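Pasted below: run-v4.tsv, TSV, C-alpha atoms.
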```tsv
chain	number	residue	atom	x	y	z
Y	1	MET	CA	0.00	0.00	0.00
Y	2	LYS	CA	1.30	3.43	-0.90
Y	3	VAL	CA	2.09	5.93	1.82
Y	4	SER	CA	-0.24	8.52	0.24
Y	5	ASN	CA	-3.18	6.05	0.29
Y	6	MET	CA	-2.45	5.17	3.91
Y	7	MET	CA	-2.33	8.85	4.89
Y	8	ALA	CA	-5.65	9.42	3.11
Y	9	TYR	CA	-7.25	6.54	5.07
Y	10	VAL	CA	-5.89	7.89	8.35
Y	11	GLY	CA	-7.24	11.34	7.46
Y	12	VAL	CA	-10.71	9.97	6.63
Y	13	ILE	CA	-10.81	7.90	9.82
Y	14	GLY	CA	-9.68	10.97	11.80
Y	15	LEU	CA	-12.50	13.07	10.30
Y	16	ILE	CA	-15.05	10.35	11.10
Y	17	VAL	CA	-13.83	10.13	14.71
Y	18	LEU	CA	-13.92	13.94	15.02
Y	19	GLY	CA	-17.48	14.00	13.64
Y	20	VAL	CA	-18.63	11.32	16.10
Y	21	VAL	CA	-17.00	13.17	19.03
Y	22	MET	CA	-18.57	16.48	17.97
Y	23	THR	CA	-21.99	14.84	17.59
Y	24	LYS	CA	-21.78	13.32	21.07
Y	25	THR	CA	-20.64	16.61	22.63
Y	26	ASN	CA	-23.12	18.95	20.91
Y	27	PRO	CA	-24.76	20.73	23.89
Y	28	THR	CA	-28.55	20.61	24.31
Y	29	GLN	CA	-31.02	23.49	24.59
Y	30	VAL	CA	-31.33	22.83	28.35
Y	31	GLU	CA	-27.55	23.07	28.77
Y	32	TYR	CA	-27.57	26.36	26.87
Y	33	GLU	CA	-30.34	27.73	29.09
Y	34	GLU	CA	-28.29	26.85	32.19
Y	35	TYR	CA	-25.23	28.56	30.69
Y	36	ALA	CA	-27.16	31.68	29.63
Y	37	GLU	CA	-28.95	31.96	32.99
Y	38	GLN	CA	-25.64	31.79	34.85
Y	39	ARG	CA	-24.02	34.36	32.55
Y	40	LEU	CA	-26.97	36.77	32.70
Y	41	THR	CA	-27.41	36.62	36.48
Y	42	SER	CA	-23.66	37.04	36.94
Y	43	TYR	CA	-23.74	40.08	34.66
Y	44	LEU	CA	-26.69	41.56	36.56
Y	45	LYS	CA	-24.96	41.07	39.91
Y	46	THR	CA	-21.61	42.49	38.87
Y	47	ASN	CA	-22.77	45.35	36.63
Y	48	VAL	CA	-26.37	46.32	37.34
Y	49	CYS	CA	-26.43	45.76	41.11
Y	50	LYS	CA	-23.29	47.86	41.58
Y	51	LYS	CA	-25.14	50.82	40.05
Y	52	THR	CA	-27.93	50.61	42.63
Y	53	PRO	CA	-27.56	53.52	45.03
Y	54	LYS	CA	-26.61	52.38	48.54
Y	55	ILE	CA	-29.10	54.81	50.05
Y	56	LEU	CA	-31.91	53.01	48.20
Y	57	GLU	CA	-30.72	49.67	49.54
Y	58	ASN	CA	-30.63	51.04	53.09
Y	59	LEU	CA	-33.99	52.82	52.87
Y	60	ILE	CA	-36.12	49.91	51.71
Y	61	ARG	CA	-33.86	47.02	52.67
Y	62	PHE	CA	-33.39	46.34	48.99
Y	63	ASN	CA	-30.73	43.76	48.20
Y	64	CYS	CA	-30.18	43.61	44.47
Y	65	LYS	CA	-28.14	40.40	44.50
Y	66	LYS	CA	-30.79	38.55	46.51
Y	67	ILE	CA	-33.49	39.73	44.11
Y	68	VAL	CA	-31.44	38.51	41.14
Y	69	ASP	CA	-30.97	35.12	42.84
Y	70	SER	CA	-34.68	34.82	43.57
Y	71	ALA	CA	-35.53	35.67	39.95
Y	72	ARG	CA	-33.36	32.89	38.46
Y	73	PRO	CA	-36.35	30.70	37.45
Y	74	GLN	CA	-37.95	33.64	35.65
Y	75	VAL	CA	-34.64	34.51	33.98
Y	76	ARG	CA	-34.32	30.92	32.77
Y	77	GLU	CA	-37.89	30.95	31.44
Y	78	LEU	CA	-37.26	34.27	29.69
Y	79	ILE	CA	-34.16	32.84	28.02
Y	80	ALA	CA	-35.98	29.64	27.01
Y	81	GLU	CA	-38.86	31.57	25.44
Y	82	ASN	CA	-36.60	33.95	23.51
Y	83	THR	CA	-33.95	31.59	22.18
Y	84	GLU	CA	-33.85	29.96	18.78
Y	85	ARG	CA	-31.57	26.96	18.32
Y	86	GLN	CA	-30.15	25.86	15.00
Y	87	ASP	CA	-28.90	22.30	15.39
Y	88	PHE	CA	-26.24	21.30	12.87
Y	89	VAL	CA	-25.70	17.86	14.50
Y	90	ILE	CA	-22.00	18.45	15.23
Y	91	PHE	CA	-22.59	21.92	16.71
Y	92	SER	CA	-25.46	24.30	17.46
Y	93	ILE	CA	-26.02	28.03	17.17
Y	94	TYR	CA	-28.26	29.75	19.72
Y	95	ARG	CA	-29.81	33.19	19.09
Y	96	THR	CA	-31.35	34.93	22.09
Y	97	ASP	CA	-33.21	38.24	21.87
Y	98	LEU	CA	-33.94	39.88	25.22
Y	99	SER	CA	-35.93	43.08	25.67
Y	100	LEU	CA	-38.62	44.46	27.95
Y	101	ASN	CA	-41.20	43.47	25.32
Y	102	SER	CA	-40.19	39.83	25.79
Y	103	VAL	CA	-40.87	40.16	29.52
Y	104	THR	CA	-44.46	41.36	29.06
Y	105	PRO	CA	-46.03	39.88	25.90
Y	106	GLY	CA	-48.68	42.07	24.31
Y	107	VAL	CA	-47.55	45.22	26.13
Y	108	ASN	CA	-45.30	47.65	24.30
Y	109	LEU	CA	-43.05	48.94	27.05
Y	110	ASP	CA	-40.82	50.76	24.55
Y	111	SER	CA	-43.35	53.61	24.46
Y	112	LEU	CA	-43.23	53.85	28.25
Y	113	LEU	CA	-39.47	53.32	28.60
Y	114	PRO	CA	-38.00	54.28	25.22
Y	115	SER	CA	-34.43	54.34	26.51
Y	116	THR	CA	-34.49	50.74	27.74
Y	117	PRO	CA	-32.28	48.72	25.40
Y	118	GLY	CA	-32.78	45.24	24.09
Y	119	TYR	CA	-29.96	42.76	23.61
Y	120	GLN	CA	-29.18	40.08	21.07
Y	121	PHE	CA	-26.77	37.23	21.75
Y	122	GLU	CA	-25.39	34.58	19.43
Y	123	THR	CA	-23.62	31.59	20.92
Y	124	LEU	CA	-21.91	28.58	19.40
Y	125	GLY	CA	-22.26	25.28	21.25
Y	126	ALA	CA	-19.68	22.56	20.54
Y	127	PHE	CA	-17.56	20.09	22.50
Y	128	ASP	CA	-19.80	20.57	25.59
Y	129	GLN	CA	-18.80	24.26	25.65
Y	130	PHE	CA	-20.42	27.56	24.73
Y	131	TYR	CA	-18.75	30.45	22.95
Y	132	THR	CA	-20.73	33.70	22.82
Y	133	TYR	CA	-19.40	35.42	19.74
Y	134	LYS	CA	-21.97	38.20	19.42
Y	135	ALA	CA	-23.54	40.33	22.14
Y	136	GLU	CA	-25.02	43.57	20.95
Y	137	GLN	CA	-27.35	46.18	22.30
Y	138	LEU	CA	-30.30	46.85	20.02
```
Can the structure in the file be given as structure tokens, please?
Amino acid sequence: MKVSNMMAYVGVIGLIVLGVVMTKTNPTQVEYEEYAEQRLTSYLKTNVCKKTPKILENLIRFNCKKIVDSARPQVRELIAENTERQDFVIFSIYRTDLSLNSVTPGVNLDSLLPSTPGYQFETLGAFDQFYTYKAEQL
């Protein structure tokens, strides 16, 4: 057998093995929701809660981080309802659109709070990992 034929066989077998591994490690929608919930609540705690005035927290015994923790089930539901998954067998792409309109269906809150931004995220899922490659404010 020629060396070039043998290398071609090894290459084909390697691609097949890689495809099987990628298929087995393509994350599910539920795994994405867990990932996105953790990332979003972490973001809220580290960025949004720090902007809450301390006087407000002291006046009404408002603890932003505790409120974020208690809202985790609603955050997860919000993510689940506003995420579209494209499954390519060996990897998946998740598109999540979050805005105040997605929180209250049928009510246009943009007219009440026009400065409240929406966000769009795109995430690649492969090898049991997630890679958010697009996060933009709408």
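Between atom CA of Y:Glu33 and atom CA of Y:Lys66 there is a distance of 20.5 Å.
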What lies within 10 Å of stretch 29-32 of chain Y using all atoms listed in the file, ignoring chain neighbours under 2 positions off, as a PDB file with C-alpha atoms, in the coordinates of the input?
```pdb
ATOM      1  CA  ASN Y  26     -23.120  18.950  20.910  1.00  0.00           C
ATOM      2  CA  PRO Y  27     -24.760  20.730  23.890  1.00  0.00           C
ATOM      3  CA  GLU Y  34     -28.290  26.850  32.190  1.00  0.00           C
ATOM      4  CA  TYR Y  35     -25.230  28.560  30.690  1.00  0.00           C
ATOM      5  CA  ALA Y  36     -27.160  31.680  29.630  1.00  0.00           C
ATOM      6  CA  GLU Y  37     -28.950  31.960  32.990  1.00  0.00           C
ATOM      7  CA  GLN Y  38     -25.640  31.790  34.850  1.00  0.00           C
ATOM      8  CA  ARG Y  76     -34.320  30.920  32.770  1.00  0.00           C
ATOM      9  CA  ILE Y  79     -34.160  32.840  28.020  1.00  0.00           C
ATOM     10  CA  ALA Y  80     -35.980  29.640  27.010  1.00  0.00           C
ATOM     11  CA  THR Y  83     -33.950  31.590  22.180  1.00  0.00           C
ATOM     12  CA  GLU Y  84     -33.850  29.960  18.780  1.00  0.00           C
ATOM     13  CA  ARG Y  85     -31.570  26.960  18.320  1.00  0.00           C
ATOM     14  CA  GLN Y  86     -30.150  25.860  15.000  1.00  0.00           C
ATOM     15  CA  ASP Y  87     -28.900  22.300  15.390  1.00  0.00           C
ATOM     16  CA  SER Y  92     -25.460  24.300  17.460  1.00  0.00           C
ATOM     17  CA  ILE Y  93     -26.020  28.030  17.170  1.00  0.00           C
ATOM     18  CA  TYR Y  94     -28.260  29.750  19.720  1.00  0.00           C
ATOM     19  CA  THR Y 123     -23.620  31.590  20.920  1.00  0.00           C
ATOM     20  CA  LEU Y 124     -21.910  28.580  19.400  1.00  0.00           C
ATOM     21  CA  GLY Y 125     -22.260  25.280  21.250  1.00  0.00           C
ATOM     22  CA  ASP Y 128     -19.800  20.570  25.590  1.00  0.00           C
ATOM     23  CA  GLN Y 129     -18.800  24.260  25.650  1.00  0.00           C
ATOM     24  CA  PHE Y 130     -20.420  27.560  24.730  1.00  0.00           C
TER      25      PHE Y 130
END
```
Report as number ranges by chain all protein, DNA and RNA residues lying within 9 Å of Y:Phe127, evaluated on all atoms listed in the file, omitting residues in the same chain fewer than 3 positions from it.
Y: 21-27, 90-91, 130
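Rounded to one decimal, atom CA of Y:Ser99 and atom CA of Y:Asn63 lie 23.1 Å from each other.
Across the structure, atom CA of Y:Arg72 and atom CA of Y:Thr96 are spaced 16.6 Å apart.
If you measure from each of Y:Ser4, Y:Lys50, Y:Leu98, Y:Val89 to Y:Val20 using all atoms listed in the file, the closest one turns out to be Y:Val89.
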